[in-house]
Amino acid sequence: MLRRGRVTVAPMRHGSRLSFTPVTRLAASILAAVLVLAGLTVALPTAAEAATTSHTLTAPTSVHLGTSATMKATWITKGKRATGSVLLQKRSGGTWKTVAKVKLVKGNGSVAIKPAASATYRLHSATYNSASKTVKVVRNWLSFGPSAGASIKVGTSVNLTLKVYKDAKPVTRIVALQRLSGKKWVTVQKLKVSSTGTTVAVKPTSTTKYRLVRYSLTSAIRTVTVDRDWASLSFSSRSLATSTSTTTATATWYSAGKKATGTMTLQQRIGSGAWTTAAKVKVTGGIGTVTVKPLVSRTYRLLAGSVSSSSVKVSVKTVIPASFTIKGSGFGHGVGMSQYGAYGMALDGYSATKILQHYYSGDTVGLDGLSSKTSIAVQIDNARTSLPVQIVGGAWRVGTTPGLSTLAGSASATIKFAVAKDGKSVTATYGSKSVTSPSLALQWGGTTYFPSLTTGIYATWDATANRYHYGQLRISVLNKKLNIVNDVRLQTEYLYGLGEVPSSWSMEALKAQAIAARSYAETTHRTGCGCDILDSTSDQNYVGWKKVTGTDGARWVAAVDATVDAATGQGKVVKTNAGKVEHTYYYSSSGGSTLNSEDVWVAAIPAMRSVDDPWSLDPRVGNSLSTWSVSLSQASAAKMLGLKDVVAISLSHYTGGGLKSMTGTSSMGLTATVIGKADAMRSKLNAYATGTVYGPWVRSATPVPPK
């Protein structure tokens, strides 16, 4: 019994393509029919399959004896790239012998051959053969390089390599180096080529083709491409020590194949930034130089019309900054209560007492024991030799003692005060009348000094000045200038006029401010000014009736009144453990912590300890100085630190973040340190920096590189 199976009949091959003649197709059909009758099946390639199936062999036409060559194979079957193996065969006599198996992946494969003699090759599979390829083996040849030719700039040269092979071995021979001139080859020179090879330099002024010739042997043609318009850039040094170092740039420029004369632009850029002009370079006879100071590492190039040189980087090892950016936080000296911090604590629900106890360590809040009638003398001006004071709204009087009306009026008026001729007394003039005395008092209706039914009367001296509604003004002479003092009641009238914080703040923050301000006022005793306290930030910012009549002034008055005992008229103050009124230092805001008093000034005050103050930096309080920055120029940094130059500044800090010292390092590695108390360091920086150093919380000193 015949075994069932599949028989494949190899088709007739014509050349490298499948070809069926009518006869062979008829014979194949008859054979297939016979096999079917015998119980066998056979698959015949269709015409479409035959038309879309092929092997292709690609091979060099020649190869030097002793060297290898690569043959490439492709395989397409049924119109698709096939994966598999085919055989590489070489014809020997009248037969084909397999020399290698070629693996193909997705229709492509390769195989290396190293024939000893000329031979013919083909690809073979069970059903298809490729067209044959003959590879000639060359025994004698001229080697000429570089194989890919060369590209040079006019005015420069390139080396060509020469070698002569006989029977595949290098030998010593004479060859002719030729160049193509028009359509003819012209011998440039004859050269003796050694067995180890010879190098010859050529310097064409335009693109030129070269070859080697020895009798019947001719080498491959090599093309030397010549750039006739070019520029190059070099530097005397490409690695500089510091930003103060210089280097000389040399420009080489050829135009139309000749050494150029003219002006080139030297451009520069830092990193991947934009190109900018660094200098103009005058070039004569193809060469020009210019000296540059890079400051920081940067890249240069030359430009002249459409001609551009390659980019060249010059590195600067040590960059000397142009300046330093000083960043910090907070405003004020940093001892005691932070006003913005108190506001933040109030927003978090803390009472005025808790706020004060936080910022004044170990202290308590209690009554001061002073009468509601206790007065305080506030110096409000000592900068003028004359001053026209306006009384607005009602009656007034001027006298040498309270109640003595040397000059008087019943309605709004202007009284001129001036330093008398003796330089020691003050003269008051109203109309044709005047009075001169070492001290004069100006009073107006509705005050404790001049009771009347009329209210709202106040004194002022120009549209921008503060207004004074309470108490009286005492005018005398101090250092040949008018010394103007406002006598008011401490517990209420003085505090009503303090412009220390916005009246819109939380009530507990306002009350804490009022108590701290009263405590400060009661423990401040100025001498030599005929006053107790100053109206400036040297003590407390007193603006008079402007505070009361300003935005939300009623809230501030209510906060002050809430700190006065209704029964006794005594005011609340901050007290030490010994029961004394604390001298309550305070300021605008901290950098996140308050400072120890001895780190800011000299003495260690028990209540003035460093405590956390995150509220100063809380966005809710709207502190515009939670961060700030100033600039310290290179010259200022060097002068402040006593160094030739400064490349880096390091900082050290006291507890709480106050600046303790600044250490500068020069480009030579020398160091110098400035050290001091935190407030003194703030003042020192302010003397050198551009901008305002608002507080001693200096966080960083970042170098700004030069441009």
# chains A, B, ... in the order shown; residues from 1 in each chain; ligands from 1
$ select_by_dssp --residues "range 337-448 of chain A" --states "strand (DSSP E)" --output "VMD selection string"
chain A and resid 337 to 338 364 to 367 375 to 381 386 to 392 396 to 399 407 to 409 413 to 419 426 to 430 433 to 437 439 to 444
$ residues_around --residues "Gly182 in chain A" --least-positions-apart "3" --cutoff "12 Å" --atoms "only C-alpha atoms" --output "compact mmCIF listing (two decimals) with N, CA and C atoms, in the first residue's frame"
# COMPACT_ATOMS: atom_id res chain seq x y z
N ARG A 179 46.73 64.54 -11.09
CA ARG A 179 45.51 65.26 -10.78
C ARG A 179 44.76 65.53 -12.07
N TRP A 185 44.40 63.97 -17.27
CA TRP A 185 45.15 63.69 -16.05
C TRP A 185 46.57 64.20 -16.24
N VAL A 186 47.05 64.99 -15.29
CA VAL A 186 48.38 65.59 -15.35
C VAL A 186 49.19 65.06 -14.18
N THR A 208 40.03 69.23 -6.03
CA THR A 208 40.87 68.53 -7.00
C THR A 208 40.71 67.02 -6.86
N LYS A 209 40.76 66.31 -8.05
CA LYS A 209 40.73 64.85 -8.06
C LYS A 209 42.15 64.34 -8.28
$ residues_around --residues "Ser503 in chain A" --least-positions-apart "3" --cutoff "9 Å" --atoms "only C-alpha atoms" --output "PyMOL selection string"
chain A and resi 499+506-507+510+547+550-557
$ residues_around --residues "range 457-467 of chain A" --least-positions-apart "6" --cutoff "8 Å" --atoms "only C-alpha atoms" --output "VMD selection string"
chain A and resid 387 to 394 444 to 446 543 to 546
$ residues_around --residues "range 272-281 of chain A" --least-positions-apart "5" --cutoff "10 Å" --atoms "only C-alpha atoms" --output "PyMOL selection string"
chain A and resi 249-251+262-267+287-294+298-303
$ select_by_dssp --residues "range 444-633 of chain A" --states "alpha helix (DSSP H)" --output "PyMOL selection string"
chain A and resi 495-496+507-522+545-549+553-561+597-600
$ residues_around --residues "range 647-652 of chain A" --least-positions-apart "6" --cutoff "7 Å" --atoms "only C-alpha atoms" --output "list in words"
Val319, Ile320, Pro321, Leu659, Lys660, Ser661, Met662, Thr663, Gly664, Thr665, Ser666, Ser667, Ala701 and Pro703 of chain A
$ closest_residue --among "A:Ala322, A:Val435, A:Val307, A:Val154" --to "Lys707 in chain A" --atoms "only C-alpha atoms"
A:Ala322
$ closest_residue --among "A:Phe324, A:Phe450, A:Trp697, A:Tyr340" --to "His653 in chain A" --atoms "only C-alpha atoms"
A:Trp697
$ residues_around --residues "range 351-362 of chain A" --least-positions-apart "5" --cutoff "10 Å" --atoms "only C-alpha atoms" --output "ChimeraX atom specification"
/A:335-338,341-346,507-516,563,572-577,582,584-586,594,605-613
$ atom_distance --atom1 "CA of Ser297 in chain A" --atom2 "CA of Trp253 in chain A"
24.9 Å
$ closest_residue --among "A:Tyr449, A:Tyr121, A:Tyr694, A:Tyr210" --to "Met71 in chain A" --atoms "only C-alpha atoms"
A:Tyr121
$ atom_distance --atom1 "CA of Thr627 in chain A" --atom2 "CA of Gly676 in chain A"
22.6 Å
$ closest_residue --among "A:Leu160, A:Val602, A:Ala395, A:Ala689" --to "Ala635 in chain A" --atoms "only C-alpha atoms"
A:Ala689
$ atom_distance --atom1 "CA of Lys72 in chain A" --atom2 "CA of Pro60 in chain A"
9.7 Å
